[in-house]
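Worksheet: one structure, shown below.
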Amino acid sequence: MLTQKLINDGNHAVDEMLRGVLAAHPKHLTLASPRAIVAKHGPRPGKVALVIGGGSGHEPTFLGFVGKGLADAAAVGNVFASPPPQPIVDAAMAVHGGAGVLFMYGNYAGDVMNFDMATELLEMEDIEARTVLTTDDIASSPDRSKRRGVAGNVFIFKVAGAAADLMLPLDEVARIAAHANARTYTMGVALSACSLPQTRRLNFDLPAGEMEIGMGIHGEPGIRRGPLKPANDVADEIIDAILAEMAAPKGANVAVLVNSLGSTPLMELYILYARVAERLAAADLTVHTALVGPYCTSMEMAGASITIMHLDEELAQLLDHPCDCAMFRVG
Amino acid sequence: MDFTTQDLTDLFANLAGRMAAERDALCALDGLIGDADHGIAMEQGMQAAAAAVPNLATLQDQFNAAAKAFLNAVGASSGPLYATAFMRAAKTAGPRAAMPGAETPDLITAMAEGIAHRGKAEPGQKTMIDAWHPASEAAKSGATWPEILRAAQSGADATAQMQASLGRAARLGERSLGHKDPGAVSACMIIEEFAKVLS
């Protein structure tokens, strides 16, 4: 059976979405080329340009985080597919201010190849581009450098965008971005599959009554499948895994994101958040920032992820720095 | 018999048709161990390549045009990999309107080297290289097109017994066992279309 979607033509879903995004947010966003979205305010001479990007289907990631104080531009790929080098180059050329470009995106083989090709093309234009990969999905590998980047992106990009907005040099923005990534931990749970607009077929098979812990945001299999449990038990399993790895001292500050993978409603996210808040209080951790909602989705997948960023003073200040994006604001 | 620009135009048209026909099967195979989009990327890439190659003067121009079109239509991981493969094939074909049929297995070797270079993959990691590498080795040893194809197919079949250590399926560990790598399967389809036109 084909899934039901409000689309016109699956092959044009990404471009039609972009048309809507630009029509809805003319004060914030414009195009450098058909798949390169740039911020109207923010990019300026002397500022490190932060360029993010990746496959579509995760909205508001990535294009929703383009705006003053956060990313200067985003390269937009097909659904779940890295953008090719050209829109990445177009985005970087449109927003660079002579202080270098920082590419940030989730750690996936395709994204790495395309952004690396874009870096080589920019070198020929004498524009320096560096890369900091996000690797916050703790379920995807025991080795941090091999992990996927998922919902923690929003905190990591936010911190790097603030550092760039404060006119720090490229070395410093890259150091802060890597520091933010190293202290960000995410784990998700999927309750039902999603489908690509071109095929409208569920991209994995999850029997009724089951959940998959650790599933990726493209439906990559997770670490364990089992019967669906109450929200508190799911929150406990995820929080246990994150706290064990984060090993924060008592009294530390954290930022928390309870994220919907697409079709899971706010009611369920807040039920999860209530447990997360209890658990963090019991561990003597102070919540500095809490986000609850759809920040990094997997189209209509049901499920949620929990992200915790272990803050220090520098990260907390950068998280609080104002930003004004089409789909995300601080201050 | 010579391999001409018209033959290459026909070959890319066949590749586009083949990938369209196999799209859903490749997506389903990818869904078992990856993100279920491999068939879509291959269909879009080959369609763009097929549209880019007619009416160009040399095989080199055609392969380069195919590389650029495939890359810009797709991105993903297959975009850079096949774009690099086609650019290497362009260099091997050279600025000629035709190449001797006996030299055409060199195209497979060039493509395999391009893919290995861009993806930094070694045989045995459950990727498309497990089809391309044995095909390339067969081509280097002077094998016929049916032999080259058989080498690719047994390489792709062997991926079912491999544990992924590179690419998106690498995060699966043991759970990738038992399923063939979709990139190796589509590589066999490509080599099969080459073999049909060239043997």
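Following the order of the structure tokens, chains are lettered A, B, ..., residues in each are numbered from 1, and ligands are numbered from 1.
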Could you write out, as a ChimeraX atom specification, all the residues of stretch 90-253 of chain A that DSSP marks as alpha helix (DSSP H)? /A:90-95,109-124,153-165,170-182,231-246
Kindly provide, as JSON, numbers by chain, the residues of chain A having any atom no farther than 8 Å from an atom of chain B, counting only C-alpha atoms. {"A": [77, 78, 80, 81, 82, 83, 84, 85, 86, 108, 109, 110, 111, 113, 114, 140, 141, 147, 196, 198, 199, 203, 204, 218, 219, 220, 221, 222]}
Report as a CSV table (one decimal) with C-alpha atoms, in the first residue's frame all protein, DNA and RNA residues lying within 9 Å of stretch 123-134 of chain B, evaluated on only C-alpha atoms, omitting residues in the same chain fewer than 4 positions from it.
```csv
chain,number,residue,atom,x,y,z
B,108,ILE,CA,35.8,-0.9,-16.4
B,109,THR,CA,39.3,-0.8,-14.8
B,111,MET,CA,35.8,3.3,-13.4
B,112,ALA,CA,36.7,0.9,-10.6
B,113,GLU,CA,39.8,2.9,-9.8
B,115,ILE,CA,35.3,4.7,-7.4
B,116,ALA,CA,38.0,3.2,-5.1
B,119,GLY,CA,35.2,6.3,-1.7
B,138,ALA,CA,39.1,-9.7,-14.7
B,139,ALA,CA,39.3,-6.8,-17.3
B,148,ILE,CA,34.0,-9.6,-16.5
B,151,ALA,CA,33.3,-11.7,-11.8
B,152,ALA,CA,31.2,-8.7,-10.8
B,153,GLN,CA,28.2,-10.8,-10.0
B,154,SER,CA,30.1,-13.3,-7.8
B,155,GLY,CA,31.7,-10.3,-6.0
B,156,ALA,CA,28.2,-8.8,-5.4
B,157,ASP,CA,26.8,-12.2,-4.2
B,158,ALA,CA,29.7,-12.4,-1.7
B,159,THR,CA,28.6,-9.1,-0.1
B,160,ALA,CA,25.7,-11.0,1.5
B,161,GLN,CA,28.3,-12.8,3.7
B,162,MET,CA,30.2,-9.6,4.6
B,163,GLN,CA,29.8,-7.3,7.6
B,164,ALA,CA,29.7,-3.6,6.5
B,165,SER,CA,32.6,-1.5,7.7
B,166,LEU,CA,32.2,1.6,5.5
B,167,GLY,CA,29.3,3.8,4.4
B,169,ALA,CA,25.5,0.3,6.6
B,170,ALA,CA,28.7,0.3,8.7
B,176,SER,CA,24.2,-6.2,7.8
B,180,LYS,CA,23.6,-8.1,-0.5
B,181,ASP,CA,25.0,-4.5,-0.7
B,182,PRO,CA,22.6,-2.5,-2.9
B,183,GLY,CA,25.6,-0.5,-4.4
B,184,ALA,CA,27.3,-3.8,-5.5
B,185,VAL,CA,24.0,-5.0,-7.0
B,186,SER,CA,23.5,-1.9,-9.0
B,187,ALA,CA,27.1,-2.0,-10.1
B,188,CYS,CA,26.5,-5.4,-11.6
B,191,ILE,CA,28.4,-3.7,-15.9
```
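With only C-alpha atoms as the atoms that count, the residue of A:Tyr295, A:Phe103, A:Phe65, A:Phe328 with the shortest distance to A:Val150 is A:Tyr295.
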Long-range neighbours of stretch 69-71 of chain A as a PyMOL selection string, 7 Å cut-off, only C-alpha atoms, 3 positions minimum in chain: chain A and resi 42+50-52+65-66+157-158+161-162+165+322-324
I want to know what sits within 10 Å of B:Lys91, based on only C-alpha atoms, with residues of the same chain fewer than 5 positions away left out; could you give that as a VMD selection string? chain B and resid 59 to 61 63 to 64 86 107 110
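The space separating atom CA of B:His179 from atom CA of A:Ser192 comes to 22.0 Å.
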Skip A:Ile127 itself and residues of its chain fewer than 3 positions away, then list as a list in words all residues within 7 Å of it, counting only C-alpha atoms.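 Residues meeting the cut-off are Gly100, Leu122 and Glu123 of chain A.
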Put those residues in a file: all heavy atoms, as a CSV table (one decimal), in the first residue's frame.
```csv
chain,number,residue,atom,x,y,z
A,100,GLY,N,36.9,33.1,5.7
A,100,GLY,CA,36.9,31.7,5.7
A,100,GLY,C,35.4,31.1,5.8
A,100,GLY,O,34.5,31.9,6.2
A,122,LEU,N,36.4,25.2,-3.9
A,122,LEU,CA,36.6,26.6,-3.3
A,122,LEU,C,38.1,26.9,-3.2
A,122,LEU,O,38.4,28.1,-3.3
A,122,LEU,CB,35.9,26.6,-1.9
A,122,LEU,CG,34.4,26.6,-1.9
A,122,LEU,CD1,33.9,26.4,-0.5
A,122,LEU,CD2,33.9,28.0,-2.4
A,123,GLU,N,38.9,25.9,-2.9
A,123,GLU,CA,40.3,26.2,-2.9
A,123,GLU,C,40.8,26.9,-4.2
A,123,GLU,O,41.7,27.7,-4.2
A,123,GLU,CB,41.1,24.9,-2.7
A,123,GLU,CG,41.5,24.6,-1.3
A,123,GLU,CD,42.0,23.1,-1.2
A,123,GLU,OE1,42.7,22.6,-2.1
A,123,GLU,OE2,41.8,22.5,-0.1
```
For A:His41, the nearest of the candidates A:Ala73, A:Val234, A:Leu228, A:Val14, counting only C-alpha atoms: A:Ala73
